[in-house]
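See below for coords_21.json, which holds JSON, N, CA and C atoms.
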[["chain", "number", "residue", "atom", "x", "y", "z"],
["A", 26, "HIS", "N", -36.64, -42.35, 54.44],
["A", 26, "HIS", "CA", -36.15, -42.32, 55.80],
["A", 26, "HIS", "C", -36.81, -43.41, 56.64],
["A", 27, "SER", "N", -38.13, -43.54, 56.54],
["A", 27, "SER", "CA", -38.81, -44.55, 57.35],
["A", 27, "SER", "C", -38.50, -45.96, 56.85],
["A", 28, "ASN", "N", -38.30, -46.12, 55.55],
["A", 28, "ASN", "CA", -37.93, -47.43, 55.02],
["A", 28, "ASN", "C", -36.59, -47.89, 55.56],
["A", 29, "ILE", "N", -35.63, -47.00, 55.55],
["A", 29, "ILE", "CA", -34.29, -47.35, 56.02],
["A", 29, "ILE", "C", -34.31, -47.66, 57.50],
["A", 30, "SER", "N", -35.04, -46.87, 58.27],
["A", 30, "SER", "CA", -35.13, -47.10, 59.70],
["A", 30, "SER", "C", -35.81, -48.43, 60.01],
["A", 31, "LEU", "N", -36.89, -48.75, 59.30],
["A", 31, "LEU", "CA", -37.56, -50.03, 59.50],
["A", 31, "LEU", "C", -36.66, -51.19, 59.10],
["A", 32, "LEU", "N", -35.94, -51.03, 58.00],
["A", 32, "LEU", "CA", -35.05, -52.09, 57.54],
["A", 32, "LEU", "C", -33.91, -52.33, 58.53],
["A", 33, "ILE", "N", -33.34, -51.25, 59.04],
["A", 33, "ILE", "CA", -32.26, -51.40, 60.03],
["A", 33, "ILE", "C", -32.79, -52.05, 61.30],
["A", 34, "GLY", "N", -33.99, -51.66, 61.73],
["A", 34, "GLY", "CA", -34.60, -52.29, 62.90],
["A", 34, "GLY", "C", -34.84, -53.77, 62.69],
["A", 35, "PHE", "N", -35.34, -54.13, 61.51],
["A", 35, "PHE", "CA", -35.58, -55.53, 61.19],
["A", 35, "PHE", "C", -34.28, -56.32, 61.19],
["A", 36, "ILE", "N", -33.25, -55.79, 60.54],
["A", 36, "ILE", "CA", -31.96, -56.49, 60.47],
["A", 36, "ILE", "C", -31.31, -56.60, 61.84],
["A", 37, "SER", "N", -31.42, -55.55, 62.65],
["A", 37, "SER", "CA", -30.83, -55.58, 64.00],
["A", 37, "SER", "C", -31.48, -56.65, 64.85],
["A", 38, "VAL", "N", -32.80, -56.74, 64.80],
["A", 38, "VAL", "CA", -33.50, -57.75, 65.60],
["A", 38, "VAL", "C", -33.24, -59.14, 65.03],
["A", 39, "ASN", "N", -33.19, -59.26, 63.71],
["A", 39, "ASN", "CA", -32.99, -60.56, 63.08],
["A", 39, "ASN", "C", -31.61, -61.13, 63.39],
["A", 40, "ASN", "N", -30.59, -60.29, 63.48],
["A", 40, "ASN", "CA", -29.22, -60.77, 63.68],
["A", 40, "ASN", "C", -28.78, -60.81, 65.14],
["A", 41, "SER", "N", -29.67, -60.51, 66.06],
["A", 41, "SER", "CA", -29.33, -60.54, 67.48],
["A", 41, "SER", "C", -29.84, -61.83, 68.11],
["A", 42, "PRO", "N", -29.21, -62.24, 69.20],
["A", 42, "PRO", "CA", -29.75, -63.42, 69.90],
["A", 42, "PRO", "C", -31.08, -63.08, 70.55],
["A", 43, "TRP", "N", -32.09, -63.90, 70.31],
["A", 43, "TRP", "CA", -33.43, -63.62, 70.80],
["A", 43, "TRP", "C", -33.60, -64.15, 72.22],
["A", 44, "THR", "N", -34.34, -63.41, 73.01],
["A", 44, "THR", "CA", -34.67, -63.87, 74.36],
["A", 44, "THR", "C", -36.13, -64.28, 74.47],
["A", 45, "ASP", "N", -36.96, -63.86, 73.51],
["A", 45, "ASP", "CA", -38.38, -64.23, 73.49],
["A", 45, "ASP", "C", -38.84, -64.32, 72.04],
["A", 46, "TYR", "N", -39.10, -65.53, 71.58],
["A", 46, "TYR", "CA", -39.39, -65.75, 70.16],
["A", 46, "TYR", "C", -40.65, -65.02, 69.71],
["A", 47, "SER", "N", -41.72, -65.07, 70.48],
["A", 47, "SER", "CA", -42.99, -64.48, 70.03],
["A", 47, "SER", "C", -42.91, -62.97, 69.91],
["A", 48, "ALA", "N", -42.20, -62.31, 70.83],
["A", 48, "ALA", "CA", -42.09, -60.84, 70.78],
["A", 48, "ALA", "C", -41.33, -60.39, 69.55],
["A", 49, "TYR", "N", -40.23, -61.04, 69.22],
["A", 49, "TYR", "CA", -39.41, -60.61, 68.09],
["A", 49, "TYR", "C", -39.99, -61.04, 66.76],
["A", 50, "SER", "N", -40.66, -62.18, 66.72],
["A", 50, "SER", "CA", -41.30, -62.57, 65.48],
["A", 50, "SER", "C", -42.47, -61.63, 65.17],
["A", 51, "TYR", "N", -43.18, -61.18, 66.20],
["A", 51, "TYR", "CA", -44.24, -60.19, 65.99],
["A", 51, "TYR", "C", -43.64, -58.88, 65.48],
["A", 52, "PHE", "N", -42.52, -58.47, 66.06],
["A", 52, "PHE", "CA", -41.85, -57.25, 65.60],
["A", 52, "PHE", "C", -41.43, -57.37, 64.14],
["A", 53, "GLN", "N", -40.89, -58.52, 63.76],
["A", 53, "GLN", "CA", -40.47, -58.72, 62.38],
["A", 53, "GLN", "C", -41.66, -58.73, 61.42],
["A", 54, "ILE", "N", -42.75, -59.34, 61.82],
["A", 54, "ILE", "CA", -43.94, -59.36, 60.97],
["A", 54, "ILE", "C", -44.47, -57.95, 60.76],
["A", 55, "VAL", "N", -44.53, -57.16, 61.83],
["A", 55, "VAL", "CA", -45.04, -55.79, 61.72],
["A", 55, "VAL", "C", -44.12, -54.95, 60.83],
["A", 56, "THR", "N", -42.81, -55.06, 61.01],
["A", 56, "THR", "CA", -41.90, -54.25, 60.19],
["A", 56, "THR", "C", -41.95, -54.67, 58.73],
["A", 57, "MET", "N", -42.04, -55.97, 58.46],
["A", 57, "MET", "CA", -42.10, -56.41, 57.06],
["A", 57, "MET", "C", -43.42, -56.00, 56.40],
["A", 58, "CYS", "N", -44.51, -56.10, 57.12],
["A", 58, "CYS", "CA", -45.80, -55.66, 56.55],
["A", 58, "CYS", "C", -45.78, -54.16, 56.29],
["A", 59, "ASP", "N", -45.19, -53.40, 57.19],
["A", 59, "ASP", "CA", -45.09, -51.95, 56.99],
["A", 59, "ASP", "C", -44.21, -51.63, 55.79],
["A", 60, "LEU", "N", -43.10, -52.34, 55.64],
["A", 60, "LEU", "CA", -42.24, -52.13, 54.47],
["A", 60, "LEU", "C", -42.96, -52.47, 53.16],
["A", 61, "VAL", "N", -43.73, -53.54, 53.16],
["A", 61, "VAL", "CA", -44.46, -53.93, 51.96],
["A", 61, "VAL", "C", -45.52, -52.88, 51.63],
["A", 62, "MET", "N", -46.21, -52.37, 52.63],
["A", 62, "MET", "CA", -47.24, -51.35, 52.36],
["A", 62, "MET", "C", -46.61, -50.04, 51.88],
["A", 63, "ILE", "N", -45.48, -49.66, 52.43],
["A", 63, "ILE", "CA", -44.79, -48.46, 51.95],
["A", 63, "ILE", "C", -44.36, -48.65, 50.50],
["A", 64, "LEU", "N", -43.83, -49.82, 50.17],
["A", 64, "LEU", "CA", -43.47, -50.13, 48.79],
["A", 64, "LEU", "C", -44.69, -50.08, 47.87],
["A", 65, "PHE", "N", -45.81, -50.59, 48.35],
["A", 65, "PHE", "CA", -47.06, -50.55, 47.58],
["A", 65, "PHE", "C", -47.46, -49.11, 47.27],
["A", 66, "PHE", "N", -47.41, -48.23, 48.27],
["A", 66, "PHE", "CA", -47.78, -46.83, 48.03],
["A", 66, "PHE", "C", -46.76, -46.12, 47.14],
["A", 67, "TYR", "N", -45.49, -46.47, 47.25],
["A", 67, "TYR", "CA", -44.50, -45.91, 46.33],
["A", 67, "TYR", "C", -44.80, -46.29, 44.88],
["A", 68, "ILE", "N", -45.13, -47.55, 44.66],
["A", 68, "ILE", "CA", -45.46, -48.01, 43.31],
["A", 68, "ILE", "C", -46.70, -47.29, 42.79],
["A", 69, "ILE", "N", -47.70, -47.12, 43.66],
["A", 69, "ILE", "CA", -48.92, -46.39, 43.28],
["A", 69, "ILE", "C", -48.56, -44.98, 42.82],
["A", 70, "HIS", "N", -47.66, -44.32, 43.54],
["A", 70, "HIS", "CA", -47.29, -42.95, 43.19],
["A", 70, "HIS", "C", -46.34, -42.88, 41.99],
["A", 71, "ILE", "N", -45.41, -43.79, 41.90],
["A", 71, "ILE", "CA", -44.43, -43.75, 40.81],
["A", 71, "ILE", "C", -45.13, -43.95, 39.46],
["A", 72, "PHE", "N", -46.01, -44.93, 39.40],
["A", 72, "PHE", "CA", -46.69, -45.21, 38.14],
["A", 72, "PHE", "C", -48.01, -44.46, 37.98],
["A", 73, "ARG", "N", -48.30, -43.57, 38.90],
["A", 73, "ARG", "CA", -49.51, -42.71, 38.86],
["A", 73, "ARG", "C", -50.79, -43.53, 38.71],
["A", 74, "ILE", "N", -50.83, -44.64, 39.40],
["A", 74, "ILE", "CA", -52.01, -45.50, 39.38],
["A", 74, "ILE", "C", -53.20, -44.82, 40.06],
["A", 75, "TYR", "N", -52.91, -43.93, 40.99],
["A", 75, "TYR", "CA", -53.98, -43.24, 41.71],
["A", 75, "TYR", "C", -54.87, -42.42, 40.77],
["A", 76, "ARG", "N", -54.37, -42.04, 39.61],
["A", 76, "ARG", "CA", -55.19, -41.31, 38.64],
["A", 76, "ARG", "C", -56.22, -42.21, 37.97],
["A", 77, "LYS", "N", -55.89, -43.49, 37.84],
["A", 77, "LYS", "CA", -56.81, -44.44, 37.20],
["A", 77, "LYS", "C", -57.81, -45.02, 38.19],
["A", 78, "LEU", "N", -57.41, -45.15, 39.44],
["A", 78, "LEU", "CA", -58.29, -45.71, 40.47],
["A", 78, "LEU", "C", -58.88, -44.56, 41.29],
["A", 79, "THR", "N", -59.87, -43.92, 40.72],
["A", 79, "THR", "CA", -60.47, -42.76, 41.40],
["A", 79, "THR", "C", -61.48, -43.15, 42.46],
["A", 80, "CYS", "N", -61.84, -44.44, 42.52],
["A", 80, "CYS", "CA", -62.81, -44.88, 43.52],
["A", 80, "CYS", "C", -62.19, -44.95, 44.92],
["A", 81, "VAL", "N", -60.87, -44.91, 45.02],
["A", 81, "VAL", "CA", -60.17, -44.98, 46.30],
["A", 81, "VAL", "C", -59.72, -43.58, 46.70],
["A", 82, "SER", "N", -59.99, -43.22, 47.93],
["A", 82, "SER", "CA", -59.49, -41.96, 48.45],
["A", 82, "SER", "C", -58.05, -42.19, 48.92],
["A", 83, "TRP", "N", -57.08, -41.85, 48.08],
["A", 83, "TRP", "CA", -55.68, -42.16, 48.37],
["A", 83, "TRP", "C", -55.13, -41.41, 49.57],
["A", 84, "PRO", "N", -55.48, -40.14, 49.78],
["A", 84, "PRO", "CA", -55.01, -39.49, 51.02],
["A", 84, "PRO", "C", -55.53, -40.19, 52.28],
["A", 85, "LEU", "N", -56.80, -40.62, 52.23],
["A", 85, "LEU", "CA", -57.36, -41.34, 53.37],
["A", 85, "LEU", "C", -56.70, -42.71, 53.54],
["A", 86, "ALA", "N", -56.44, -43.38, 52.43],
["A", 86, "ALA", "CA", -55.78, -44.69, 52.49],
["A", 86, "ALA", "C", -54.37, -44.58, 53.08],
["A", 87, "GLU", "N", -53.63, -43.56, 52.66],
["A", 87, "GLU", "CA", -52.29, -43.36, 53.22],
["A", 87, "GLU", "C", -52.35, -42.98, 54.70],
["A", 88, "PHE", "N", -53.32, -42.13, 55.05],
["A", 88, "PHE", "CA", -53.46, -41.75, 56.45],
["A", 88, "PHE", "C", -53.76, -42.97, 57.32],
["A", 89, "LEU", "N", -54.69, -43.82, 56.87],
["A", 89, "LEU", "CA", -55.01, -45.02, 57.65],
["A", 89, "LEU", "C", -53.82, -45.97, 57.71],
["A", 90, "HIS", "N", -53.07, -46.08, 56.62],
["A", 90, "HIS", "CA", -51.87, -46.92, 56.62],
["A", 90, "HIS", "C", -50.88, -46.43, 57.66],
["A", 91, "TYR", "N", -50.61, -45.12, 57.67],
["A", 91, "TYR", "CA", -49.64, -44.59, 58.64],
["A", 91, "TYR", "C", -50.16, -44.68, 60.07],
["A", 92, "LEU", "N", -51.45, -44.47, 60.26],
["A", 92, "LEU", "CA", -52.02, -44.55, 61.60],
["A", 92, "LEU", "C", -51.94, -45.97, 62.15],
["A", 93, "ILE", "N", -52.43, -46.93, 61.38],
["A", 93, "ILE", "CA", -52.42, -48.33, 61.82],
["A", 93, "ILE", "C", -50.99, -48.85, 61.94],
["A", 94, "GLY", "N", -50.14, -48.51, 60.97],
["A", 94, "GLY", "CA", -48.74, -48.94, 61.03],
["A", 94, "GLY", "C", -48.01, -48.38, 62.23],
["A", 95, "THR", "N", -48.28, -47.12, 62.55],
["A", 95, "THR", "CA", -47.62, -46.50, 63.71],
["A", 95, "THR", "C", -48.06, -47.16, 65.00],
["A", 96, "ILE", "N", -49.35, -47.42, 65.13],
["A", 96, "ILE", "CA", -49.85, -48.05, 66.36],
["A", 96, "ILE", "C", -49.28, -49.46, 66.50],
["A", 97, "LEU", "N", -49.32, -50.25, 65.43],
["A", 97, "LEU", "CA", -48.78, -51.62, 65.51],
["A", 97, "LEU", "C", -47.27, -51.62, 65.75],
["A", 98, "LEU", "N", -46.55, -50.71, 65.12],
["A", 98, "LEU", "CA", -45.11, -50.64, 65.33],
["A", 98, "LEU", "C", -44.77, -50.17, 66.74],
["A", 99, "LEU", "N", -45.56, -49.27, 67.29],
["A", 99, "LEU", "CA", -45.34, -48.83, 68.66],
["A", 99, "LEU", "C", -45.55, -49.98, 69.64],
["A", 100, "ILE", "N", -46.62, -50.74, 69.44],
["A", 100, "ILE", "CA", -46.88, -51.90, 70.31],
["A", 100, "ILE", "C", -45.76, -52.92, 70.17],
["A", 101, "ALA", "N", -45.37, -53.23, 68.94],
["A", 101, "ALA", "CA", -44.30, -54.21, 68.71],
["A", 101, "ALA", "C", -42.98, -53.73, 69.30],
["A", 102, "SER", "N", -42.70, -52.44, 69.20],
["A", 102, "SER", "CA", -41.45, -51.90, 69.75],
["A", 102, "SER", "C", -41.43, -51.96, 71.26],
["A", 103, "ILE", "N", -42.55, -51.64, 71.88],
["A", 103, "ILE", "CA", -42.61, -51.69, 73.35],
["A", 103, "ILE", "C", -42.43, -53.12, 73.83],
["A", 104, "VAL", "N", -43.12, -54.06, 73.19],
["A", 104, "VAL", "CA", -43.00, -55.47, 73.60],
["A", 104, "VAL", "C", -41.59, -55.98, 73.37],
["A", 105, "ALA", "N", -41.02, -55.69, 72.20],
["A", 105, "ALA", "CA", -39.67, -56.18, 71.90],
["A", 105, "ALA", "C", -38.62, -55.53, 72.79],
["A", 106, "ALA", "N", -38.76, -54.24, 73.07],
["A", 106, "ALA", "CA", -37.79, -53.56, 73.94],
["A", 106, "ALA", "C", -37.89, -54.06, 75.38],
["A", 107, "SER", "N", -39.10, -54.37, 75.82],
["A", 107, "SER", "CA", -39.25, -54.85, 77.20],
["A", 107, "SER", "C", -38.70, -56.27, 77.37],
["A", 108, "LYS", "N", -38.62, -57.03, 76.28],
["A", 108, "LYS", "CA", -38.10, -58.40, 76.35],
["A", 108, "LYS", "C", -36.63, -58.50, 75.97],
["A", 109, "SER", "N", -35.97, -57.37, 75.73],
["A", 109, "SER", "CA", -34.61, -57.42, 75.18],
["A", 109, "SER", "C", -33.53, -57.69, 76.22],
["A", 110, "TYR", "N", -33.79, -57.42, 77.49],
["A", 110, "TYR", "CA", -32.84, -57.70, 78.57],
["A", 110, "TYR", "C", -31.45, -57.13, 78.30],
["A", 111, "ASN", "N", -31.39, -55.87, 77.88],
["A", 111, "ASN", "CA", -30.16, -55.11, 77.68],
["A", 111, "ASN", "C", -29.24, -55.67, 76.59],
["A", 112, "LEU", "N", -29.76, -56.42, 75.65],
["A", 112, "LEU", "CA", -28.97, -56.83, 74.49],
["A", 112, "LEU", "C", -28.99, -55.68, 73.50],
["A", 113, "SER", "N", -27.84, -55.15, 73.15],
["A", 113, "SER", "CA", -27.76, -53.89, 72.41],
["A", 113, "SER", "C", -28.45, -53.96, 71.05],
["A", 114, "GLY", "N", -28.32, -55.05, 70.32],
["A", 114, "GLY", "CA", -28.95, -55.16, 69.01],
["A", 114, "GLY", "C", -30.46, -55.16, 69.10],
["A", 115, "LEU", "N", -30.98, -55.82, 70.12],
["A", 115, "LEU", "CA", -32.43, -55.86, 70.27],
["A", 115, "LEU", "C", -32.98, -54.52, 70.74],
["A", 116, "VAL", "N", -32.28, -53.87, 71.65],
["A", 116, "VAL", "CA", -32.73, -52.55, 72.11],
["A", 116, "VAL", "C", -32.68, -51.55, 70.95],
["A", 117, "ALA", "N", -31.61, -51.57, 70.18],
["A", 117, "ALA", "CA", -31.48, -50.64, 69.05],
["A", 117, "ALA", "C", -32.51, -50.94, 67.97],
["A", 118, "GLY", "N", -32.74, -52.19, 67.69],
["A", 118, "GLY", "CA", -33.69, -52.55, 66.65],
["A", 118, "GLY", "C", -35.13, -52.28, 67.04],
["A", 119, "ALA", "N", -35.44, -52.47, 68.31],
["A", 119, "ALA", "CA", -36.82, -52.32, 68.76],
["A", 119, "ALA", "C", -37.21, -50.88, 69.05],
["A", 120, "THR", "N", -36.24, -49.98, 69.15],
["A", 120, "THR", "CA", -36.55, -48.59, 69.44],
["A", 120, "THR", "C", -36.82, -47.86, 68.13],
["A", 121, "PRO", "N", -38.05, -47.34, 67.96],
["A", 121, "PRO", "CA", -38.36, -46.71, 66.67],
["A", 121, "PRO", "C", -37.60, -45.42, 66.44],
["A", 122, "ASP", "N", -37.02, -45.27, 65.26],
["A", 122, "ASP", "CA", -36.30, -44.07, 64.81],
["A", 122, "ASP", "C", -35.28, -43.57, 65.82],
["A", 123, "SER", "N", -34.55, -44.50, 66.36],
["A", 123, "SER", "CA", -33.54, -44.16, 67.35],
["A", 123, "SER", "C", -32.18, -44.00, 66.70],
["A", 124, "PRO", "N", -31.37, -43.05, 67.20],
["A", 124, "PRO", "CA", -29.99, -42.96, 66.71],
["A", 124, "PRO", "C", -29.19, -44.22, 67.03],
["A", 125, "LEU", "N", -29.68, -45.00, 68.00],
["A", 125, "LEU", "CA", -29.00, -46.26, 68.33],
["A", 125, "LEU", "C", -28.97, -47.21, 67.15],
["A", 126, "LYS", "N", -30.01, -47.17, 66.31],
["A", 126, "LYS", "CA", -30.03, -48.04, 65.13],
["A", 126, "LYS", "C", -28.87, -47.74, 64.20],
["A", 127, "TRP", "N", -28.61, -46.48, 63.98],
["A", 127, "TRP", "CA", -27.52, -46.09, 63.08],
["A", 127, "TRP", "C", -26.18, -46.47, 63.67],
["A", 128, "VAL", "N", -26.00, -46.24, 64.96],
["A", 128, "VAL", "CA", -24.74, -46.60, 65.62],
["A", 128, "VAL", "C", -24.54, -48.11, 65.58],
["A", 129, "PHE", "N", -25.59, -48.86, 65.88],
["A", 129, "PHE", "CA", -25.48, -50.32, 65.87],
["A", 129, "PHE", "C", -25.21, -50.84, 64.47],
["A", 130, "ALA", "N", -25.90, -50.27, 63.47],
["A", 130, "ALA", "CA", -25.70, -50.71, 62.08],
["A", 130, "ALA", "C", -24.29, -50.42, 61.60],
["A", 131, "LEU", "N", -23.77, -49.26, 61.97],
["A", 131, "LEU", "CA", -22.41, -48.90, 61.55],
["A", 131, "LEU", "C", -21.34, -49.71, 62.29],
["A", 132, "SER", "N", -21.64, -50.09, 63.54],
["A", 132, "SER", "CA", -20.65, -50.85, 64.29],
["A", 132, "SER", "C", -20.56, -52.29, 63.80],
["A", 133, "LYS", "N", -21.62, -52.80, 63.17],
["A", 133, "LYS", "CA", -21.61, -54.18, 62.67],
["A", 133, "LYS", "C", -20.99, -54.29, 61.29],
["A", 134, "SER", "N", -20.81, -53.17, 60.58],
["A", 134, "SER", "CA", -20.27, -53.25, 59.22],
["A", 134, "SER", "C", -18.77, -53.16, 59.19]]

Mind turning the file's structure into structure tokens?
Amino acid sequence: HSNISLLIGFISVNNSPWTDYSAYSYFQIVTMCDLVMILFFYIIHIFRIYRKLTCVSWPLAEFLHYLIGTILLLIASIVAASKSYNLSGLVAGATPDSPLKWVFALSKS
């Protein structure tokens, strides 16, 4: 669920006309880093690597990932939404877990 929402947000911001380059590039960097880290943890769980690497506290690592990712994504979303100037794709993409993302994604297909 969070992967799809992040991906839709990234695509919505990427395909919309930008009004502020630094705000949207920061949003894209944060979403892509979050997607890569989620993929990393999926691979760790799928291949059960956590059983071999017992020196890492995996619940703590996941908690810190979600905490830091949530804070950075919240900051990026606030900055990107404040710079969007009522452009629907940017507002939908910058709003975390919004139903607007689904409506915007479906309207573009």

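The gap separating CA of Phe35 (chain A) from CA of Gln53 (chain A) is 6.0 Å, in Å to one decimal.
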
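The spacing separating CA of Ala48 (chain A) from CA of Ser102 (chain A) amounts to 9.0 Å.
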
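With distances taken over all atoms listed in the file, A:Phe52 is the one residue among A:Phe66, A:Phe52, A:Gly34, A:Glu87 lying closest to Ala105 (chain A).
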
Write out as an mmCIF file with N, CA and C atoms, in the frame of the given file the residues lying within 8 Å of region 98-101 of chain A, counting only C-alpha atoms and excluding same-chain residues fewer than 2 positions away.
data_model
loop_
_atom_site.group_PDB
_atom_site.id
_atom_site.type_symbol
_atom_site.label_atom_id
_atom_site.label_comp_id
_atom_site.auth_asym_id
_atom_site.auth_seq_id
_atom_site.Cartn_x
_atom_site.Cartn_y
_atom_site.Cartn_z
ATOM 1 N N ALA A 48 -42.200 -62.310 70.830
ATOM 2 C CA ALA A 48 -42.090 -60.840 70.780
ATOM 3 C C ALA A 48 -41.330 -60.390 69.550
ATOM 4 N N TYR A 51 -43.180 -61.180 66.200
ATOM 5 C CA TYR A 51 -44.240 -60.190 65.990
ATOM 6 C C TYR A 51 -43.640 -58.880 65.480
ATOM 7 N N PHE A 52 -42.520 -58.470 66.060
ATOM 8 C CA PHE A 52 -41.850 -57.250 65.600
ATOM 9 C C PHE A 52 -41.430 -57.370 64.140
ATOM 10 N N VAL A 55 -44.530 -57.160 61.830
ATOM 11 C CA VAL A 55 -45.040 -55.790 61.720
ATOM 12 C C VAL A 55 -44.120 -54.950 60.830
ATOM 13 N N THR A 56 -42.810 -55.060 61.010
ATOM 14 C CA THR A 56 -41.900 -54.250 60.190
ATOM 15 C C THR A 56 -41.950 -54.670 58.730
ATOM 16 N N GLY A 94 -50.140 -48.510 60.970
ATOM 17 C CA GLY A 94 -48.740 -48.940 61.030
ATOM 18 C C GLY A 94 -48.010 -48.380 62.230
ATOM 19 N N THR A 95 -48.280 -47.120 62.550
ATOM 20 C CA THR A 95 -47.620 -46.500 63.710
ATOM 21 C C THR A 95 -48.060 -47.160 65.000
ATOM 22 N N ILE A 96 -49.350 -47.420 65.130
ATOM 23 C CA ILE A 96 -49.850 -48.050 66.360
ATOM 24 C C ILE A 96 -49.280 -49.460 66.500
ATOM 25 N N ILE A 103 -42.550 -51.640 71.880
ATOM 26 C CA ILE A 103 -42.610 -51.690 73.350
ATOM 27 C C ILE A 103 -42.430 -53.120 73.830
ATOM 28 N N VAL A 104 -43.120 -54.060 73.190
ATOM 29 C CA VAL A 104 -43.000 -55.470 73.600
ATOM 30 C C VAL A 104 -41.590 -55.980 73.370
ATOM 31 N N ALA A 105 -41.020 -55.690 72.200
ATOM 32 C CA ALA A 105 -39.670 -56.180 71.900
ATOM 33 C C ALA A 105 -38.620 -55.530 72.790
ATOM 34 N N ALA A 119 -35.440 -52.470 68.310
ATOM 35 C CA ALA A 119 -36.820 -52.320 68.760
ATOM 36 C C ALA A 119 -37.210 -50.880 69.050
ATOM 37 N N PRO A 121 -38.050 -47.340 67.960
ATOM 38 C CA PRO A 121 -38.360 -46.710 66.670
ATOM 39 C C PRO A 121 -37.600 -45.420 66.440
#

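For the pair CA of Phe72 (chain A) and CA of Ile33 (chain A), the interatomic distance is 26.9 Å.
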
With all atoms of region 105-111 of chain A from the file as input, state the centre and edge lengths in Å to one decimal of the axis-aligned box that has 5 Å extra on each side, as AutoDock Vina command-line options.
--center_x -35.1 --center_y -56.0 --center_z 75.2 --size_x 21.8 --size_y 14.9 --size_z 16.7
